[in-house]
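The data block below is protein.cif; it holds mmCIF, C-alpha atoms.
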data_work
#
loop_
_atom_site.group_PDB
_atom_site.id
_atom_site.type_symbol
_atom_site.label_atom_id
_atom_site.label_comp_id
_atom_site.auth_asym_id
_atom_site.auth_seq_id
_atom_site.Cartn_x
_atom_site.Cartn_y
_atom_site.Cartn_z
ATOM 1 C CA MET A 10 -14.627 29.277 17.239
ATOM 2 C CA LYS A 11 -10.926 30.054 17.582
ATOM 3 C CA ALA A 12 -10.597 27.677 20.557
ATOM 4 C CA LEU A 13 -12.310 24.850 18.668
ATOM 5 C CA GLN A 14 -10.041 25.397 15.669
ATOM 6 C CA LEU A 15 -6.997 25.191 17.950
ATOM 7 C CA LEU A 16 -8.280 22.037 19.639
ATOM 8 C CA LEU A 17 -9.016 20.336 16.320
ATOM 9 C CA ALA A 18 -5.634 21.377 14.896
ATOM 10 C CA VAL A 19 -3.757 19.815 17.829
ATOM 11 C CA ALA A 20 -5.902 16.664 17.757
ATOM 12 C CA LEU A 21 -5.485 16.276 13.985
ATOM 13 C CA GLY A 22 -1.744 16.925 14.314
ATOM 14 C CA ALA A 23 -1.425 14.281 17.026
ATOM 15 C CA ILE A 24 -3.255 11.728 14.853
ATOM 16 C CA PHE A 25 -0.966 12.477 11.900
ATOM 17 C CA VAL A 26 2.233 12.238 13.942
ATOM 18 C CA TYR A 27 1.049 9.010 15.581
ATOM 19 C CA ALA A 28 0.120 7.587 12.188
ATOM 20 C CA SER A 29 3.593 8.283 10.791
ATOM 21 C CA VAL A 30 5.691 6.577 13.465
ATOM 22 C CA ASP A 31 5.195 2.931 12.521
ATOM 23 C CA LYS A 32 5.554 3.639 8.796
ATOM 24 C CA ILE A 33 8.790 5.575 9.287
ATOM 25 C CA ALA A 34 10.148 2.717 11.392
ATOM 26 C CA ASP A 35 9.434 0.120 8.699
ATOM 27 C CA PRO A 36 9.144 1.605 5.190
ATOM 28 C CA ARG A 37 9.454 -1.843 3.630
ATOM 29 C CA ALA A 38 6.352 -3.102 5.432
ATOM 30 C CA PHE A 39 4.486 0.086 4.499
ATOM 31 C CA ALA A 40 5.515 -0.377 0.852
ATOM 32 C CA ARG A 41 3.859 -3.818 0.865
ATOM 33 C CA ILE A 42 0.642 -2.181 2.082
ATOM 34 C CA VAL A 43 0.849 0.466 -0.652
ATOM 35 C CA TYR A 44 1.154 -2.413 -3.163
ATOM 36 C CA HIS A 45 -2.055 -3.953 -1.866
ATOM 37 C CA TYR A 46 -4.050 -0.869 -2.858
ATOM 38 C CA GLN A 47 -2.948 -1.320 -6.518
ATOM 39 C CA VAL A 48 -3.404 2.370 -7.195
ATOM 40 C CA ILE A 49 0.083 3.442 -8.322
ATOM 41 C CA GLY A 50 1.504 0.054 -9.017
ATOM 42 C CA PRO A 51 3.481 -1.980 -8.811
ATOM 43 C CA SER A 52 2.548 -3.039 -12.298
ATOM 44 C CA ALA A 53 4.323 -4.154 -15.438
ATOM 45 C CA ARG A 54 4.146 -0.610 -16.786
ATOM 46 C CA LEU A 55 5.068 1.368 -13.653
ATOM 47 C CA GLY A 56 7.415 -1.063 -11.940
ATOM 48 C CA PHE A 57 7.951 -0.768 -8.196
ATOM 49 C CA ALA A 58 9.464 2.724 -7.984
ATOM 50 C CA PRO A 59 6.303 4.908 -7.692
ATOM 51 C CA ALA A 60 4.760 2.772 -4.954
ATOM 52 C CA ASN A 61 8.091 2.586 -3.108
ATOM 53 C CA ALA A 62 8.544 6.362 -3.368
ATOM 54 C CA VAL A 63 5.115 6.902 -1.830
ATOM 55 C CA ALA A 64 5.974 4.503 0.988
ATOM 56 C CA VAL A 65 9.207 6.404 1.643
ATOM 57 C CA ALA A 66 7.881 9.983 1.408
ATOM 58 C CA LEU A 67 4.276 9.860 2.641
ATOM 59 C CA PRO A 68 4.989 9.114 6.334
ATOM 60 C CA TRP A 69 7.395 12.057 6.527
ATOM 61 C CA ILE A 70 4.873 14.434 5.000
ATOM 62 C CA GLU A 71 2.399 13.170 7.616
ATOM 63 C CA ALA A 72 4.901 13.672 10.426
ATOM 64 C CA LEU A 73 5.845 17.175 9.304
ATOM 65 C CA THR A 74 2.237 18.228 8.757
ATOM 66 C CA GLY A 75 1.219 16.853 12.143
ATOM 67 C CA THR A 76 4.079 18.590 13.921
ATOM 68 C CA LEU A 77 3.229 21.944 12.313
ATOM 69 C CA LEU A 78 -0.442 21.541 13.283
ATOM 70 C CA ILE A 79 0.534 20.854 16.889
ATOM 71 C CA VAL A 80 3.048 23.652 17.328
ATOM 72 C CA GLY A 81 0.930 26.125 15.382
ATOM 73 C CA LEU A 82 3.462 27.171 12.799
ATOM 74 C CA TRP A 83 2.073 27.580 9.261
ATOM 75 C CA ARG A 84 -1.133 26.113 10.658
ATOM 76 C CA ARG A 85 -3.428 26.944 7.753
ATOM 77 C CA GLU A 86 -0.978 25.587 5.179
ATOM 78 C CA ALA A 87 -0.449 22.437 7.271
ATOM 79 C CA ALA A 88 -4.231 22.048 7.515
ATOM 80 C CA LEU A 89 -4.443 22.261 3.731
ATOM 81 C CA VAL A 90 -1.745 19.599 3.279
ATOM 82 C CA SER A 91 -3.521 17.326 5.764
ATOM 83 C CA ALA A 92 -6.785 17.875 3.887
ATOM 84 C CA LEU A 93 -5.084 16.960 0.599
ATOM 85 C CA LEU A 94 -3.605 13.828 2.178
ATOM 86 C CA LEU A 95 -7.017 12.823 3.498
ATOM 87 C CA VAL A 96 -8.508 13.281 0.016
ATOM 88 C CA VAL A 97 -5.790 10.950 -1.302
ATOM 89 C CA PHE A 98 -6.518 8.414 1.460
ATOM 90 C CA LEU A 99 -10.242 8.579 0.734
ATOM 91 C CA ALA A 100 -9.634 8.094 -2.985
ATOM 92 C CA ALA A 101 -7.272 5.156 -2.427
ATOM 93 C CA ALA A 102 -9.499 3.364 0.086
ATOM 94 C CA GLY A 103 -12.635 4.155 -1.894
ATOM 95 C CA SER A 104 -11.173 2.868 -5.141
ATOM 96 C CA ALA A 105 -9.922 -0.310 -3.451
ATOM 97 C CA LEU A 106 -13.391 -0.840 -2.009
ATOM 98 C CA ALA A 107 -15.025 -0.168 -5.382
ATOM 99 C CA ARG A 108 -12.725 -2.627 -7.153
ATOM 100 C CA GLY A 109 -13.412 -5.301 -4.541
ATOM 101 C CA ILE A 110 -9.834 -5.378 -3.255
ATOM 102 C CA ASP A 111 -9.884 -6.632 0.313
ATOM 103 C CA ILE A 112 -7.248 -4.696 2.255
ATOM 104 C CA GLU A 113 -6.815 -6.379 5.618
ATOM 105 C CA ASN A 114 -4.505 -3.711 6.969
ATOM 106 C CA CYS A 115 -5.229 -0.207 5.711
ATOM 107 C CA GLY A 116 -1.754 0.968 6.780
ATOM 108 C CA CYS A 117 -3.303 3.866 8.649
ATOM 109 C CA PHE A 118 -1.508 3.450 11.962
ATOM 110 C CA THR A 119 0.319 0.125 11.946
ATOM 111 C CA VAL A 120 2.156 -1.704 9.209
ATOM 112 C CA GLY A 121 3.156 -4.996 10.814
ATOM 113 C CA GLY A 122 0.708 -7.888 11.026
ATOM 114 C CA GLU A 123 -2.774 -7.024 12.210
ATOM 115 C CA GLY A 124 -4.262 -3.686 11.264
ATOM 116 C CA ARG A 125 -7.587 -2.102 10.517
ATOM 117 C CA ARG A 126 -9.487 -3.200 7.452
ATOM 118 C CA ALA A 127 -10.095 -0.642 4.725
ATOM 119 C CA GLY A 128 -13.883 -0.362 4.661
ATOM 120 C CA TRP A 129 -16.817 1.978 5.035
ATOM 121 C CA ARG A 130 -15.901 2.855 8.602
ATOM 122 C CA LEU A 131 -12.463 3.966 7.516
ATOM 123 C CA LEU A 132 -13.971 6.162 4.800
ATOM 124 C CA ALA A 133 -16.288 7.755 7.365
ATOM 125 C CA GLU A 134 -13.404 8.481 9.726
ATOM 126 C CA ASP A 135 -11.296 9.945 6.932
ATOM 127 C CA ALA A 136 -14.218 12.144 5.918
ATOM 128 C CA ALA A 137 -14.627 13.331 9.518
ATOM 129 C CA MET A 138 -10.928 14.198 9.710
ATOM 130 C CA LEU A 139 -11.177 15.949 6.359
ATOM 131 C CA ALA A 140 -14.007 18.076 7.743
ATOM 132 C CA ALA A 141 -11.858 18.907 10.780
ATOM 133 C CA ALA A 142 -8.908 19.840 8.550
ATOM 134 C CA LEU A 143 -11.100 22.138 6.446
ATOM 135 C CA PHE A 144 -12.459 23.719 9.619
ATOM 136 C CA VAL A 145 -8.901 24.402 10.831
ATOM 137 C CA LEU A 146 -8.099 25.765 7.387
ATOM 138 C CA GLY A 147 -10.842 28.297 8.000
ATOM 139 C CA ALA A 148 -13.862 29.365 6.063
ATOM 140 C CA PRO A 149 -12.771 30.750 2.691
ATOM 141 C CA ALA A 150 -15.536 33.357 2.890
ATOM 142 C CA ARG A 151 -13.900 34.979 5.893
ATOM 143 C CA ASP A 152 -10.539 34.963 4.143
ATOM 144 C CA LEU A 153 -12.063 36.793 1.196
ATOM 145 C CA ARG A 154 -13.770 39.285 3.473
ATOM 146 C CA ASP A 155 -10.451 40.002 5.201
ATOM 147 C CA ARG A 156 -8.820 40.527 1.871
ATOM 148 C CA ALA A 157 -11.609 42.795 0.674
ATOM 149 C CA ALA A 158 -11.346 44.773 3.893
ATOM 150 C CA ALA A 159 -7.601 45.153 3.431
ATOM 151 C CA ALA A 160 -8.012 46.242 -0.177
ATOM 152 C CA ALA A 161 -10.884 48.671 0.399
ATOM 153 C CA PRO A 162 -9.865 52.204 1.231
ATOM 154 C CA ALA A 163 -10.751 53.187 4.793
ATOM 155 C CA ARG A 164 -13.655 55.584 5.004
ATOM 156 C CA MET B 2 -3.773 35.306 7.977
ATOM 157 C CA ARG B 3 -3.500 34.572 4.280
ATOM 158 C CA LEU B 4 -2.785 31.158 2.916
ATOM 159 C CA ARG B 5 0.598 31.089 1.217
ATOM 160 C CA PRO B 6 0.802 28.415 -1.485
ATOM 161 C CA TRP B 7 4.605 28.266 -1.374
ATOM 162 C CA ARG B 8 4.395 27.070 2.219
ATOM 163 C CA VAL B 9 2.093 24.237 1.162
ATOM 164 C CA ALA B 10 4.636 23.226 -1.475
ATOM 165 C CA ALA B 11 7.476 23.616 1.045
ATOM 166 C CA ILE B 12 5.806 21.207 3.499
ATOM 167 C CA VAL B 13 5.365 18.574 0.793
ATOM 168 C CA VAL B 14 8.882 19.002 -0.617
ATOM 169 C CA ALA B 15 10.482 18.945 2.842
ATOM 170 C CA GLY B 16 8.532 15.778 3.665
ATOM 171 C CA ILE B 17 9.684 14.070 0.486
ATOM 172 C CA ALA B 18 13.285 15.154 1.095
ATOM 173 C CA ALA B 19 13.205 13.911 4.697
ATOM 174 C CA GLY B 20 11.792 10.587 3.512
ATOM 175 C CA LEU B 21 14.460 10.123 0.853
ATOM 176 C CA ILE B 22 17.263 11.075 3.259
ATOM 177 C CA TRP B 23 15.925 8.783 5.977
ATOM 178 C CA ASN B 24 15.579 6.013 3.424
ATOM 179 C CA ALA B 25 19.220 6.452 2.424
ATOM 180 C CA VAL B 26 20.861 6.767 5.843
ATOM 181 C CA SER B 27 18.659 4.935 8.365
ATOM 182 C CA GLY B 28 19.637 1.437 7.352
ATOM 183 C CA ARG B 29 15.943 0.530 7.273
ATOM 184 C CA GLY B 30 15.356 1.875 3.805
ATOM 185 C CA LEU B 31 14.358 -0.005 0.708
ATOM 186 C CA ALA B 32 15.791 0.144 -2.795
ATOM 187 C CA LEU B 33 13.299 2.244 -4.740
ATOM 188 C CA ARG B 34 13.208 -0.135 -7.691
ATOM 189 C CA ALA B 35 13.094 -3.320 -5.643
ATOM 190 C CA ASN B 36 10.092 -5.452 -4.803
ATOM 191 C CA ALA B 37 9.221 -4.959 -1.122
ATOM 192 C CA PHE B 38 7.350 -8.277 -1.100
ATOM 193 C CA LEU B 39 10.836 -9.773 -1.030
ATOM 194 C CA ARG B 40 12.160 -9.544 2.514
ATOM 195 C CA GLU B 41 15.725 -9.376 3.665
ATOM 196 C CA GLY B 42 17.340 -12.778 3.602
ATOM 197 C CA ASP B 43 14.692 -14.120 1.219
ATOM 198 C CA SER B 44 15.983 -16.258 -1.578
ATOM 199 C CA ILE B 45 12.719 -16.512 -3.479
ATOM 200 C CA GLU B 46 13.172 -16.742 -7.222
ATOM 201 C CA GLU B 47 10.837 -14.533 -9.274
ATOM 202 C CA ILE B 48 10.221 -15.518 -12.886
ATOM 203 C CA PRO B 49 8.336 -13.788 -15.719
ATOM 204 C CA ALA B 50 5.400 -15.442 -17.456
ATOM 205 C CA ALA B 51 7.419 -16.620 -20.473
ATOM 206 C CA GLU B 52 9.885 -18.479 -18.234
ATOM 207 C CA ALA B 53 6.991 -19.937 -16.234
ATOM 208 C CA LYS B 54 5.394 -21.190 -19.464
ATOM 209 C CA ARG B 55 8.669 -22.824 -20.455
ATOM 210 C CA ARG B 56 8.765 -24.581 -17.081
ATOM 211 C CA LEU B 57 5.115 -25.653 -17.400
ATOM 212 C CA ASP B 58 5.920 -27.244 -20.753
ATOM 213 C CA ALA B 59 8.843 -28.998 -19.066
ATOM 214 C CA GLY B 60 6.480 -30.476 -16.478
ATOM 215 C CA ALA B 61 6.693 -27.966 -13.602
ATOM 216 C CA LEU B 62 4.120 -28.079 -10.809
ATOM 217 C CA PHE B 63 2.074 -24.877 -10.411
ATOM 218 C CA LEU B 64 0.426 -23.803 -7.148
ATOM 219 C CA ASP B 65 -2.473 -21.330 -6.984
ATOM 220 C CA ALA B 66 -2.032 -19.227 -3.810
ATOM 221 C CA ARG B 67 -5.272 -17.275 -4.197
ATOM 222 C CA PRO B 68 -8.260 -17.896 -1.910
ATOM 223 C CA ALA B 69 -9.860 -21.237 -2.812
ATOM 224 C CA ASP B 70 -12.962 -19.615 -4.361
ATOM 225 C CA PHE B 71 -10.920 -18.282 -7.286
ATOM 226 C CA TYR B 72 -9.586 -21.658 -8.367
ATOM 227 C CA PRO B 73 -12.711 -23.117 -10.050
ATOM 228 C CA LEU B 74 -13.301 -19.829 -11.880
ATOM 229 C CA GLY B 75 -10.017 -20.187 -13.721
ATOM 230 C CA HIS B 76 -6.494 -21.359 -13.003
ATOM 231 C CA ILE B 77 -3.277 -22.215 -14.802
ATOM 232 C CA THR B 78 -3.607 -25.609 -16.458
ATOM 233 C CA GLY B 79 -2.430 -28.338 -14.122
ATOM 234 C CA ALA B 80 -2.121 -26.043 -11.100
ATOM 235 C CA LEU B 81 -3.061 -27.249 -7.636
ATOM 236 C CA SER B 82 -4.857 -24.988 -5.163
ATOM 237 C CA LEU B 83 -2.719 -24.022 -2.150
ATOM 238 C CA PRO B 84 -4.464 -20.949 -0.715
ATOM 239 C CA GLU B 85 -2.304 -18.712 1.440
ATOM 240 C CA ASP B 86 -5.216 -18.086 3.818
ATOM 241 C CA ASP B 87 -5.594 -21.836 4.419
ATOM 242 C CA PHE B 88 -1.950 -22.838 4.108
ATOM 243 C CA ASP B 89 -1.606 -25.363 6.922
ATOM 244 C CA ARG B 90 -4.590 -27.496 5.936
ATOM 245 C CA ALA B 91 -3.797 -27.344 2.233
ATOM 246 C CA PHE B 92 -0.131 -28.137 2.802
ATOM 247 C CA THR B 93 -0.977 -31.215 4.862
ATOM 248 C CA ARG B 94 -3.127 -32.448 1.987
ATOM 249 C CA LEU B 95 -0.508 -31.688 -0.682
ATOM 250 C CA GLU B 96 2.704 -32.448 1.196
ATOM 251 C CA ALA B 97 3.327 -35.801 -0.472
ATOM 252 C CA PRO B 98 3.238 -34.537 -4.088
ATOM 253 C CA LEU B 99 5.221 -31.409 -3.155
ATOM 254 C CA ARG B 100 8.113 -33.175 -1.467
ATOM 255 C CA GLY B 101 10.909 -33.933 -3.826
ATOM 256 C CA ARG B 102 9.761 -31.455 -6.460
ATOM 257 C CA PHE B 103 12.287 -28.849 -7.517
ATOM 258 C CA ASP B 104 10.208 -27.202 -10.226
ATOM 259 C CA ILE B 105 7.359 -25.577 -8.284
ATOM 260 C CA VAL B 106 5.948 -22.214 -9.391
ATOM 261 C CA VAL B 107 3.533 -20.264 -7.148
ATOM 262 C CA TYR B 108 1.219 -17.541 -8.419
ATOM 263 C CA CYS B 109 -1.592 -15.291 -7.196
ATOM 264 C CA SER B 110 -3.655 -12.421 -8.570
ATOM 265 C CA GLY B 111 -0.910 -10.037 -9.628
ATOM 266 C CA PHE B 112 1.541 -7.372 -8.563
ATOM 267 C CA GLY B 113 -0.532 -6.092 -5.656
ATOM 268 C CA CYS B 114 -0.961 -9.623 -4.357
ATOM 269 C CA GLU B 115 1.442 -10.938 -1.737
ATOM 270 C CA ALA B 116 0.001 -14.449 -1.339
ATOM 271 C CA SER B 117 2.447 -16.121 -3.760
ATOM 272 C CA HIS B 118 5.449 -14.710 -1.891
ATOM 273 C CA LEU B 119 3.959 -15.741 1.463
ATOM 274 C CA VAL B 120 3.304 -19.278 0.221
ATOM 275 C CA ALA B 121 6.779 -19.565 -1.330
ATOM 276 C CA ARG B 122 8.297 -18.377 1.945
ATOM 277 C CA ARG B 123 6.311 -20.877 4.030
ATOM 278 C CA LEU B 124 7.130 -23.685 1.624
ATOM 279 C CA ARG B 125 10.795 -22.850 2.011
ATOM 280 C CA GLU B 126 10.417 -23.051 5.785
ATOM 281 C CA LYS B 127 9.068 -26.567 5.230
ATOM 282 C CA GLY B 128 12.041 -27.392 3.030
ATOM 283 C CA VAL B 129 10.277 -27.086 -0.328
ATOM 284 C CA ALA B 130 11.770 -24.711 -2.913
ATOM 285 C CA ALA B 131 9.365 -22.710 -5.089
ATOM 286 C CA ALA B 132 9.614 -19.847 -7.577
ATOM 287 C CA VAL B 133 7.092 -16.998 -7.790
ATOM 288 C CA LEU B 134 5.397 -16.009 -11.055
ATOM 289 C CA LEU B 135 5.905 -12.242 -11.466
ATOM 290 C CA ASP B 136 2.622 -10.344 -11.864
ATOM 291 C CA GLY B 137 0.823 -13.674 -11.413
ATOM 292 C CA TRP B 138 -2.505 -14.483 -13.024
ATOM 293 C CA PRO B 139 -2.887 -11.302 -15.168
ATOM 294 C CA ALA B 140 0.589 -11.779 -16.692
ATOM 295 C CA TRP B 141 -0.261 -15.378 -17.538
ATOM 296 C CA THR B 142 -3.674 -14.725 -19.053
ATOM 297 C CA GLY B 143 -2.409 -11.552 -20.743
ATOM 298 C CA ALA B 144 0.152 -13.637 -22.613
ATOM 299 C CA GLY B 145 -2.584 -16.036 -23.700
ATOM 300 C CA TYR B 146 -1.080 -19.044 -21.922
ATOM 301 C CA PRO B 147 -3.291 -22.032 -21.155
ATOM 302 C CA THR B 148 -5.847 -21.955 -18.357
ATOM 303 C CA ARG B 149 -8.828 -24.030 -17.437
ATOM 304 C CA THR B 150 -11.866 -23.808 -15.197
ATOM 305 C CA GLY B 151 -13.430 -26.264 -12.783
ATOM 306 C CA ALA B 152 -12.665 -27.624 -9.348
ATOM 307 C CA ASP B 153 -10.279 -30.431 -10.346
ATOM 308 C CA PRO B 154 -6.750 -29.863 -11.629
#

Now that the file is in, can you turn its structure into C-alpha cells?
Amino acid sequence: MKALQLLLAVALGAIFVYASVDKIADPRAFARIVYHYQVIGPSARLGFAPANAVAVALPWIEALTGTLLIVGLWRREAALVSALLLVVFLAAAGSALARGIDIENCGCFTVGGEGRRAGWRLLAEDAAMLAAALFVLGAPARDLRDRAAAAAPAR
Amino acid sequence: MRLRPWRVAAIVVAGIAAGLIWNAVSGRGLALRANAFLREGDSIEEIPAAEAKRRLDAGALFLDARPADFYPLGHITGALSLPEDDFDRAFTRLEAPLRGRFDIVVYCSGFGCEASHLVARRLREKGVAAAVLLDGWPAWTGAGYPTRTGADP
C-alpha cells in the first residue's frame, strides 16, 4: 500500500513536471490554447487578462506540484493540488466537448503545432490520474481514525 | 500525517508567483492584457465590429475564415468563404479578386477562434493586407449587423 502510493506519487509528479516544460518555455503559445477552450475568456467582458494569467501561472503550479510529489516533500498537500488541477482540466475539456468546441491541441504536454485532441480519451486519462492523485492523498477514513486515536485518551 | 491546508495554499501561491516572475524576467513572457493570437512581429490590424460595419458600408471585402460548413448557415453579407483549414485551395480560387484590395476584413467564430488571425497572417505572406474583426461573428451578430444565409455570397 505504502509502496504503491510512493510509486504513483513519483509517476504523477513526473507527468506533471514533463507537462509543464513546454508551456513554461512558450507561455504565448500556451495562452492561445487556453483561448481555444473559451472557458475564462478572452471575451468582450473579461478581456484577455484572465486567460493570459492562467497561461502564465498554471505551468508553474504544475511544475512545483510535480517536483514536490517526486521528492516527497509535502506529498499529501501536493497530491491534493494535483487532484484539484485535474478536476479543473476535466471540467475544461468536458465543457469544451459538451459545447462542441473542437480543440486540436489540448495543451496537455505540447503547445507548438501538433498536439493531442481534447476528447473522450483525454477525459479518461485525466480521470485515471485523478484517481491516482486521490490514492496518494490517502483514504480520508484512515486520516480520521488517526486523528481519533490521537484525541482518545490511552487506556 | 495530517493535511495542512496552508501548505496547499502555499503551493498554489508560490506557483503563481513563480509564473509572474518568470513572465516578467524571462524575455519570453506576454503582456497580460495583450492578445496572444498576435505574434511578435505581426502587424495585423484588429478592428471592432462598429469599424468593420463602417468599412462594409464603404465597400470592404469580408472573408469568412471558419470551416466551409459554417458559411451557408450564416455569414456577413457579401463575405466570401476562405476557410483557414483549406487555405491553399481557397486562396487559389480567390486570388484574383483579393489582389489589389486594401480593404479586406477577416473574421471567424469569436475570441477563442484563431482562424481569422491565421488567415490574415497567411494573406500577408502572399502580399495581401487584411484586418481582423475583433470577437468575430458573435460581435457582428450581437450588434445586429447584416448577415445572410446560403451558399453564394

*Given the file above and the PyMOL selection byres ((chain B and resi 17-29) around 12), which residues are selected, and can you give them as a ChimeraX atom specification?*
/A:29,32-39,61-74 /B:10-16,30-33,40-41

*Which residue, B:Ala91, B:Ala61, B:Ala130, B:Ala66, has the smallest gap to Glu115 of chain B when you use all atoms listed in the file?*
B:Ala66

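If only C-alpha atoms are the atoms counted, then among B:Glu126, B:Ile105, B:Pro147, B:Phe112 the closest residue to Phe38 of chain B is B:Phe112.
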
_Protein and nucleic acid residues near (-4.7, -22.6, 4.8) (cut-off 12 Å, all atoms listed in the file) as an MDAnalysis selection string_ = chainID B and resid 66:69 82:95 116 119:120 123

Write a file of the just-selected residues containing C-alpha atoms, as a PDB file, keeping the file's coordinate frame.
ATOM      1  CA  ALA B  66      -2.032 -19.227  -3.810  1.00  0.00           C
ATOM      2  CA  ARG B  67      -5.272 -17.275  -4.197  1.00  0.00           C
ATOM      3  CA  PRO B  68      -8.260 -17.896  -1.910  1.00  0.00           C
ATOM      4  CA  ALA B  69      -9.860 -21.237  -2.812  1.00  0.00           C
ATOM      5  CA  SER B  82      -4.857 -24.988  -5.163  1.00  0.00           C
ATOM      6  CA  LEU B  83      -2.719 -24.022  -2.150  1.00  0.00           C
ATOM      7  CA  PRO B  84      -4.464 -20.949  -0.715  1.00  0.00           C
ATOM      8  CA  GLU B  85      -2.304 -18.712   1.440  1.00  0.00           C
ATOM      9  CA  ASP B  86      -5.216 -18.086   3.818  1.00  0.00           C
ATOM     10  CA  ASP B  87      -5.594 -21.836   4.419  1.00  0.00           C
ATOM     11  CA  PHE B  88      -1.950 -22.838   4.108  1.00  0.00           C
ATOM     12  CA  ASP B  89      -1.606 -25.363   6.922  1.00  0.00           C
ATOM     13  CA  ARG B  90      -4.590 -27.496   5.936  1.00  0.00           C
ATOM     14  CA  ALA B  91      -3.797 -27.344   2.233  1.00  0.00           C
ATOM     15  CA  PHE B  92      -0.131 -28.137   2.802  1.00  0.00           C
ATOM     16  CA  THR B  93      -0.977 -31.215   4.862  1.00  0.00           C
ATOM     17  CA  ARG B  94      -3.127 -32.448   1.987  1.00  0.00           C
ATOM     18  CA  LEU B  95      -0.508 -31.688  -0.682  1.00  0.00           C
ATOM     19  CA  ALA B 116       0.001 -14.449  -1.339  1.00  0.00           C
ATOM     20  CA  LEU B 119       3.959 -15.741   1.463  1.00  0.00           C
ATOM     21  CA  VAL B 120       3.304 -19.278   0.221  1.00  0.00           C
ATOM     22  CA  ARG B 123       6.311 -20.877   4.030  1.00  0.00           C
TER      23      ARG B 123
END

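You will find atom CA of Gly75 of chain A at 27.7 Å from atom CA of Phe57 of chain A.
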
Would you mind completing segment 56-72 of chain B so that it carries N, CA and C atoms, and writing it out as a PDB file, in the frame of the given file?
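Generated file (result.pdb):
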ATOM      1  N   ARG B  56       8.684 -23.572 -18.134  1.00  0.00           N
ATOM      2  CA  ARG B  56       8.765 -24.581 -17.081  1.00  0.00           C
ATOM      3  C   ARG B  56       7.524 -25.464 -17.058  1.00  0.00           C
ATOM      4  N   LEU B  57       6.351 -24.866 -17.349  1.00  0.00           N
ATOM      5  CA  LEU B  57       5.115 -25.653 -17.400  1.00  0.00           C
ATOM      6  C   LEU B  57       5.236 -26.723 -18.485  1.00  0.00           C
ATOM      7  N   ASP B  58       5.745 -26.299 -19.647  1.00  0.00           N
ATOM      8  CA  ASP B  58       5.920 -27.244 -20.753  1.00  0.00           C
ATOM      9  C   ASP B  58       6.907 -28.344 -20.387  1.00  0.00           C
ATOM     10  N   ALA B  59       7.852 -28.013 -19.486  1.00  0.00           N
ATOM     11  CA  ALA B  59       8.843 -28.998 -19.066  1.00  0.00           C
ATOM     12  C   ALA B  59       8.335 -29.836 -17.895  1.00  0.00           C
ATOM     13  N   GLY B  60       7.072 -29.621 -17.506  1.00  0.00           N
ATOM     14  CA  GLY B  60       6.480 -30.476 -16.478  1.00  0.00           C
ATOM     15  C   GLY B  60       6.467 -29.891 -15.076  1.00  0.00           C
ATOM     16  N   ALA B  61       6.670 -28.580 -14.938  1.00  0.00           N
ATOM     17  CA  ALA B  61       6.693 -27.966 -13.602  1.00  0.00           C
ATOM     18  C   ALA B  61       5.317 -28.060 -12.924  1.00  0.00           C
ATOM     19  N   LEU B  62       5.353 -28.034 -11.588  1.00  0.00           N
ATOM     20  CA  LEU B  62       4.120 -28.079 -10.809  1.00  0.00           C
ATOM     21  C   LEU B  62       3.742 -26.661 -10.392  1.00  0.00           C
ATOM     22  N   PHE B  63       2.530 -26.228 -10.751  1.00  0.00           N
ATOM     23  CA  PHE B  63       2.074 -24.877 -10.411  1.00  0.00           C
ATOM     24  C   PHE B  63       1.145 -24.925  -9.205  1.00  0.00           C
ATOM     25  N   LEU B  64       1.279 -23.914  -8.330  1.00  0.00           N
ATOM     26  CA  LEU B  64       0.426 -23.803  -7.148  1.00  0.00           C
ATOM     27  C   LEU B  64      -0.313 -22.466  -7.187  1.00  0.00           C
ATOM     28  N   ASP B  65      -1.620 -22.518  -6.983  1.00  0.00           N
ATOM     29  CA  ASP B  65      -2.473 -21.330  -6.984  1.00  0.00           C
ATOM     30  C   ASP B  65      -2.641 -20.862  -5.540  1.00  0.00           C
ATOM     31  N   ALA B  66      -2.044 -19.701  -5.203  1.00  0.00           N
ATOM     32  CA  ALA B  66      -2.032 -19.227  -3.810  1.00  0.00           C
ATOM     33  C   ALA B  66      -3.232 -18.345  -3.472  1.00  0.00           C
ATOM     34  N   ARG B  67      -4.118 -18.132  -4.450  1.00  0.00           N
ATOM     35  CA  ARG B  67      -5.272 -17.275  -4.197  1.00  0.00           C
ATOM     36  C   ARG B  67      -6.281 -17.993  -3.306  1.00  0.00           C
ATOM     37  N   PRO B  68      -7.207 -17.244  -2.684  1.00  0.00           N
ATOM     38  CA  PRO B  68      -8.260 -17.896  -1.910  1.00  0.00           C
ATOM     39  C   PRO B  68      -8.965 -18.965  -2.752  1.00  0.00           C
ATOM     40  N   ALA B  69      -9.372 -20.054  -2.098  1.00  0.00           N
ATOM     41  CA  ALA B  69      -9.860 -21.237  -2.812  1.00  0.00           C
ATOM     42  C   ALA B  69     -11.005 -20.935  -3.787  1.00  0.00           C
ATOM     43  N   ASP B  70     -11.816 -19.932  -3.503  1.00  0.00           N
ATOM     44  CA  ASP B  70     -12.962 -19.615  -4.361  1.00  0.00           C
ATOM     45  C   ASP B  70     -12.560 -19.255  -5.792  1.00  0.00           C
ATOM     46  N   PHE B  71     -11.347 -18.714  -5.958  1.00  0.00           N
ATOM     47  CA  PHE B  71     -10.920 -18.282  -7.286  1.00  0.00           C
ATOM     48  C   PHE B  71     -10.599 -19.462  -8.202  1.00  0.00           C
ATOM     49  N   TYR B  72     -10.137 -20.547  -7.589  1.00  0.00           N
ATOM     50  CA  TYR B  72      -9.586 -21.658  -8.367  1.00  0.00           C
ATOM     51  C   TYR B  72     -10.550 -22.207  -9.427  1.00  0.00           C
TER      52      TYR B  72
END
